[in-house]
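Peer 1: One structure coming up, written as structure tokens, with questions to follow.
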Amino acid sequence: MKTLCIALMLLMSLPCGAALAKGAPTFTDAYVHDPSIIKADDGHYYIYGSHMAAAKSEDLMHWEMISSDAKDGCTLVDDAQNQMQEALSWAQTDTFWAPDVQQLKDGRYYMYYCTCEGSSPLSAMGLAIADDPQGPFVDQGIFLRSGMQGMSEDGIPYDATVHPNVIDAHVFYDNQGALWMVYGSYSGGIFILQMDDETGLPLPDQGYGKKLLGKNHSRIEGPYILYAPDTDYYYLFLSFGGLDASGGYNIRVCRSKSPDGPYLDANGQDMVDCGGADGTYFDDKAIEPYGTKLMGGFRFMPLSGFEALPEQAYKSPGHNSALYDPDTGRYFLIMHTRFSQMGDDHRVRVHPFWFDDAGWPLVSPLRYGGDAPSTGDPLSGDWRLLLHERDINTFQHRSSAVQFLKDGQITGELVGSWDEQGSITIDGESYQGVFERGYDREQQAWVWTISMLSQSGEALWGIRG
């Protein structure tokens with residue numbers, strides 16, 4: 001009985017034994033690592049991830065798995081192990097890593113898949129095409145390789161400290177209709193290539209393309225670029241740290257007026273300077289100062305009398321994609337994450353985000369739950385505030401209990417001031433952003449939340465109650 005109760009709790013995202021509150025959103029989880037999202041012609045949202053896992057949804061809350069392990073549960077590609085044997089053989093593996101699927105101007109769906117040996121940058125990137133977002137995708141072969149002994153795609157000997165590991169692709173159109181592919185992981189960093197939207201392949205004579213950031217095996221991967229018409233910026237999302245539950249995965253962003261950079265963070269630092277020193281491996285201290293950190297591992301400490309939900313406390317959230325929905329004008333961050341007390345078990349999470357006055361993303365601390373009801377609840381009262389700081393945090397940052405007084409003061413475990421226009425000062429540091437509504441599954445209620453950034457790009461979150 002206990003096992004059944006826990007399983008139902010995770011499925012419905014409710015405390016065990018609790019009834020569903022009136023007007024409460026429900027969720028169905030997806031188990032897709034490294035989710036890359038599209039909105040297809042059939043009106044569904046699709047996410048594609050490692051191991052050829054995929055899921056679809058009509059509302060970003062209820063997900064239906066449509067494909068799983070590429071060895072025995074894949075429906076996206078017929079007999080992927082044989083059809084894509086060239087890429088698997090090159091990388092000396094039987095596993096597919098993070099793919100990206102995009103619909104190009106011919107109406108077909110193009111899958112950019114990758115294979116990697118794992119302990120080295122011996123990797124291949126290939127292309128497969130389908131008429132339907134659910135496949136079947138037909139392999140077109142490899143178009144990019146890394147980790148070789150001898151000449152690289154750049155026409156010089158391959159050097160893993162300066163050349164990319166050719167995985168983690170994201171293909172996108174810029175606001176002028178040109179096609180690009182950003183990609184890369186660890187090794188020599190993150191690169192971008194101009195693409196031919198007639199073939200879906202890189203334009204000739206680019207080698208590995210233009211370097212955007214990273215070097216000397218810095219723990220940076222999962223690049224994803226989103227153009228935001230509201231700000232006229234291209235936002236490059238990145239994951240810093242390691243992907244396992246104790247690895248410190250965290251999501252950062254930088255931006256540019258051009259799809260191929262230069263990309264700057266909130267401190268005005270050019271991200272091309274972000275990378276480890278010569279001769280280093282996984283030098284986290286060298287890269288921590290770069291990028292506007294949107295979120296890392298966190299835990300909002302439960303209120304007295306409420307049951308904590310382990311799956312609402314994130315560990316190593318990362319490898320995100322992002323979505324602008326022109327039909328609604330909304331923006332969403334889509335990621336996988338691990339959770340407290342759940343080991344390396346992972347699920348997809350979708351969080352809405354907005355922009356501050358300076359044009360930087362402000363991510364909700366709570367999972368997207370649909371449209372919030374109108375409310376007359378005051379902003380003053382008991383809050384839990386959480387500072388994400390700038391570190392690659394292998395531990396979860398925890399919230400502090402405070403009170404927002406009606407006179408604009410903040411008292412409790414943190415001290416400062418606040419106003420209803422979206423400004424908070426904590427220990428002399430000023431944060432600007434938004435108060436928005438979100439559904440807190442622990443309180444089983446729609447509550448006020450805080451999403452703010454300091455001028456130096458440090459995130460502050462809050463949940464009322």
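By convention in this document, the chains of the structure tokens carry letters A, B, ... by their order, each chain's residues are numbered from 1, and ligands are numbered from 1 in the order they are shown.
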Extract, using only C-alpha atoms, all DNA, RNA and protein residues at most 10 Å from Ala178 of chain A, discarding same-chain residues fewer than 4 positions from it, and format them as a list in words.

Peer 2: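 Near neighbours after the sequence-gap exclusion: Phe172, Tyr173, Asp174, Gln194, Met195, Asp196, Asp197 and Pro259 of chain A.
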
Peer 1: Go through segment 14-209 of chain A and collect every residue that DSSP, computed from the backbone, puts in strand (DSSP E); the answer should be as a PyMOL selection string.

Peer 2: chain A and resi 36-39+45-48+54-57+63-67+96-103+109-116+123-130+138-146+170-173+179-184+190-196+201-202

Peer 1: Could you produce a table of the residues of segment 152-225 of chain A lying within 7 Å of segment 98-109 of chain A, with the nearest pair of atoms per residue and their separation in Å rounded to one decimal, using only C-alpha atoms, ordered by chain and increasing residue number, as JSON lines?

Peer 2:
{"residue": "A:Asp168", "atom": "CA", "partner": "A:Ala98", "partner_atom": "CA", "distance": 5.4}
{"residue": "A:Ala169", "atom": "CA", "partner": "A:Asp100", "partner_atom": "CA", "distance": 6.1}
{"residue": "A:His170", "atom": "CA", "partner": "A:Asp100", "partner_atom": "CA", "distance": 5.6}
{"residue": "A:Val171", "atom": "CA", "partner": "A:Gln102", "partner_atom": "CA", "distance": 6.7}
{"residue": "A:Asp197", "atom": "CA", "partner": "A:Leu104", "partner_atom": "CA", "distance": 6.6}

Peer 1: With only C-alpha atoms as the basis for distance, which of A:Gln455, A:Ser316, A:Gln81, A:Ser89 is at the shortest distance from Gly268 of chain A?

Peer 2: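 Distance minimum relative to Gly268 of chain A lands on A:Gln455.
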
Peer 1: Quick one: pull the distance between atom CA of Glu389 of chain A and atom CA of Glu458 of chain A, Å, one decimal.

Peer 2: 5.5 Å

Peer 1: Taking 6 positions as the minimum chain separation for residues in the same chain, which residues sit within 12 Å of Phe240 of chain A when counting only C-alpha atoms? Answer as a ChimeraX atom specification.

Peer 2: /A:185-186,189-190,214,217-223,247-253,274-275,282-297,316-320,390-394

Peer 1: Keeping only C-alpha atoms, write those residues as a tab-separated table (two decimals), in the first residue's frame.

Peer 2:
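Listed below is the output, part-v7.tsv:
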chain	number	residue	atom	x	y	z
A	185	SER	CA	29.83	20.22	-25.12
A	186	TYR	CA	32.85	20.38	-22.80
A	189	GLY	CA	33.37	24.72	-26.25
A	190	ILE	CA	30.21	25.87	-28.00
A	214	GLY	CA	34.36	27.52	-23.80
A	217	HIS	CA	37.10	20.88	-21.18
A	218	SER	CA	34.99	23.39	-19.27
A	219	ARG	CA	31.75	21.84	-18.03
A	220	ILE	CA	29.46	23.74	-20.41
A	221	GLU	CA	26.96	22.09	-22.75
A	222	GLY	CA	23.37	21.93	-23.97
A	223	PRO	CA	23.30	25.21	-25.98
A	247	GLY	CA	26.88	17.31	-10.44
A	248	GLY	CA	25.63	20.87	-10.01
A	249	TYR	CA	23.89	21.28	-13.38
A	250	ASN	CA	22.49	24.81	-13.60
A	251	ILE	CA	20.93	26.91	-16.34
A	252	ARG	CA	22.55	30.14	-17.52
A	253	VAL	CA	21.82	32.59	-20.28
A	274	CYS	CA	34.50	31.93	-20.61
A	275	GLY	CA	36.62	28.78	-20.35
A	282	PHE	CA	36.57	20.88	-15.40
A	283	ASP	CA	37.79	24.15	-13.88
A	284	ASP	CA	34.42	25.28	-12.50
A	285	LYS	CA	35.85	28.27	-10.63
A	286	ALA	CA	37.06	29.74	-13.91
A	287	ILE	CA	33.60	29.68	-15.51
A	288	GLU	CA	31.36	30.40	-12.51
A	289	PRO	CA	31.61	34.20	-12.94
A	290	TYR	CA	30.19	34.00	-16.49
A	291	GLY	CA	26.61	33.77	-17.68
A	292	THR	CA	23.43	35.01	-16.04
A	293	LYS	CA	22.44	32.11	-13.78
A	294	LEU	CA	18.70	31.52	-13.96
A	295	MET	CA	18.42	28.47	-11.72
A	296	GLY	CA	20.37	25.64	-10.11
A	297	GLY	CA	19.52	23.04	-7.51
A	316	SER	CA	20.78	19.55	-11.23
A	317	PRO	CA	18.12	21.11	-13.48
A	318	GLY	CA	19.45	21.61	-16.97
A	319	HIS	CA	19.85	20.86	-20.65
A	320	ASN	CA	16.90	23.07	-21.41
A	390	ARG	CA	26.41	32.46	-9.02
A	391	ASP	CA	27.99	29.15	-8.08
A	392	ILE	CA	27.87	25.75	-9.74
A	393	ASN	CA	26.04	24.45	-6.70
A	394	THR	CA	26.34	20.72	-6.10

Peer 1: Using only C-alpha atoms, which residues sit within 9 Å of Phe404 of chain A once same-chain residues fewer than 2 positions away are excluded, as a list in words?

Peer 2: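 Listing them by chain and then by number gives Leu379, Ser380, Gly381, Asp382, Trp383, Val402, Lys406, Asp407, Gly408, Gln409, Ile410, Thr411, Ser417 and Trp418 of chain A.
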
Peer 1: Nearest residue to Pro229 of chain A out of A:Glu198, A:Asp265, A:Asp325, A:Asp357, using only C-alpha atoms?

Peer 2: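 Of A:Glu198, A:Asp265, A:Asp325, A:Asp357, the one nearest Pro229 of chain A is A:Asp325, counting only C-alpha atoms.
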
Peer 1: Please indicate the distance in Å from atom CA of Ala40 of chain A to atom CA of Asp345 of chain A, rounded to one decimal place.

Peer 2: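 These atoms are spaced 28.2 Å apart.
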
Peer 1: Rank nothing, just name the residue among A:Tyr281, A:Ser152, A:Arg299, A:Leu323 nearest to Ile225 of chain A, using only C-alpha atoms.

Peer 2: A:Leu323

Peer 1: Could you check how far atom CA of Lys215 of chain A sits from atom CA of Pro35 of chain A, in Å to one decimal?

Peer 2: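 Those two atoms sit 24.8 Å apart.
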
Peer 1: Hey, what's within 8 Å of segment 115-120 of chain A if we count only C-alpha atoms and toss same-chain stuff fewer than 2 positions away? As a PDB file with N, CA, C and O atoms, in the first residue's frame, please?

Peer 2:
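File selection06.pdb, as written:
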ATOM      1  N   ALA A  87      26.974   6.175 -37.456  1.00  0.00           N
ATOM      2  CA  ALA A  87      27.227   7.084 -36.335  1.00  0.00           C
ATOM      3  C   ALA A  87      27.576   6.325 -35.067  1.00  0.00           C
ATOM      4  O   ALA A  87      28.473   6.736 -34.306  1.00  0.00           O
ATOM      5  N   LEU A  88      26.900   5.216 -34.822  1.00  0.00           N
ATOM      6  CA  LEU A  88      27.181   4.416 -33.629  1.00  0.00           C
ATOM      7  C   LEU A  88      28.580   3.819 -33.689  1.00  0.00           C
ATOM      8  O   LEU A  88      29.310   3.786 -32.693  1.00  0.00           O
ATOM      9  N   ALA A  91      31.378   6.477 -33.037  1.00  0.00           N
ATOM     10  CA  ALA A  91      31.494   6.869 -31.630  1.00  0.00           C
ATOM     11  C   ALA A  91      31.729   5.682 -30.698  1.00  0.00           C
ATOM     12  O   ALA A  91      31.850   5.874 -29.480  1.00  0.00           O
ATOM     13  N   GLN A  92      31.775   4.488 -31.257  1.00  0.00           N
ATOM     14  CA  GLN A  92      32.029   3.274 -30.469  1.00  0.00           C
ATOM     15  C   GLN A  92      31.036   3.156 -29.312  1.00  0.00           C
ATOM     16  O   GLN A  92      31.389   2.998 -28.143  1.00  0.00           O
ATOM     17  N   THR A  93      29.747   3.260 -29.654  1.00  0.00           N
ATOM     18  CA  THR A  93      28.687   3.233 -28.651  1.00  0.00           C
ATOM     19  C   THR A  93      27.446   2.602 -29.249  1.00  0.00           C
ATOM     20  O   THR A  93      27.364   2.388 -30.466  1.00  0.00           O
ATOM     21  N   THR A  95      24.476   4.050 -27.974  1.00  0.00           N
ATOM     22  CA  THR A  95      23.557   4.989 -27.325  1.00  0.00           C
ATOM     23  C   THR A  95      23.491   6.302 -28.097  1.00  0.00           C
ATOM     24  O   THR A  95      24.512   6.825 -28.547  1.00  0.00           O
ATOM     25  N   PHE A  96      22.264   6.831 -28.227  1.00  0.00           N
ATOM     26  CA  PHE A  96      22.052   8.147 -28.833  1.00  0.00           C
ATOM     27  C   PHE A  96      21.915   9.201 -27.738  1.00  0.00           C
ATOM     28  O   PHE A  96      21.229   8.990 -26.742  1.00  0.00           O
ATOM     29  N   TRP A  97      22.563  10.339 -27.963  1.00  0.00           N
ATOM     30  CA  TRP A  97      22.465  11.441 -27.019  1.00  0.00           C
ATOM     31  C   TRP A  97      21.509  12.504 -27.562  1.00  0.00           C
ATOM     32  O   TRP A  97      20.829  12.301 -28.561  1.00  0.00           O
ATOM     33  N   TYR A 113      20.630  14.221 -34.739  1.00  0.00           N
ATOM     34  CA  TYR A 113      20.949  13.284 -33.665  1.00  0.00           C
ATOM     35  C   TYR A 113      22.457  13.205 -33.478  1.00  0.00           C
ATOM     36  O   TYR A 113      23.241  13.611 -34.358  1.00  0.00           O
ATOM     37  N   LEU A 122      34.905  11.586 -28.901  1.00  0.00           N
ATOM     38  CA  LEU A 122      34.716  10.803 -30.116  1.00  0.00           C
ATOM     39  C   LEU A 122      33.219  10.748 -30.417  1.00  0.00           C
ATOM     40  O   LEU A 122      32.483   9.936 -29.845  1.00  0.00           O
ATOM     41  N   SER A 123      32.769  11.641 -31.294  1.00  0.00           N
ATOM     42  CA  SER A 123      31.333  11.829 -31.498  1.00  0.00           C
ATOM     43  C   SER A 123      31.019  12.016 -32.974  1.00  0.00           C
ATOM     44  O   SER A 123      31.880  12.383 -33.776  1.00  0.00           O
ATOM     45  N   ALA A 124      29.746  11.774 -33.294  1.00  0.00           N
ATOM     46  CA  ALA A 124      29.241  11.990 -34.651  1.00  0.00           C
ATOM     47  C   ALA A 124      27.889  12.664 -34.575  1.00  0.00           C
ATOM     48  O   ALA A 124      27.109  12.418 -33.644  1.00  0.00           O
ATOM     49  N   MET A 125      27.613  13.506 -35.552  1.00  0.00           N
ATOM     50  CA  MET A 125      26.306  14.140 -35.670  1.00  0.00           C
ATOM     51  C   MET A 125      25.720  13.795 -37.018  1.00  0.00           C
ATOM     52  O   MET A 125      26.397  13.886 -38.048  1.00  0.00           O
ATOM     53  N   GLY A 147      36.790  14.190 -32.275  1.00  0.00           N
ATOM     54  CA  GLY A 147      37.551  13.214 -31.512  1.00  0.00           C
ATOM     55  C   GLY A 147      38.475  12.337 -32.318  1.00  0.00           C
ATOM     56  O   GLY A 147      39.041  11.372 -31.800  1.00  0.00           O
ATOM     57  N   ILE A 167      28.140  17.328 -30.245  1.00  0.00           N
ATOM     58  CA  ILE A 167      26.867  16.852 -29.727  1.00  0.00           C
ATOM     59  C   ILE A 167      26.005  18.050 -29.345  1.00  0.00           C
ATOM     60  O   ILE A 167      26.419  19.199 -29.464  1.00  0.00           O
TER      61      ILE A 167
END
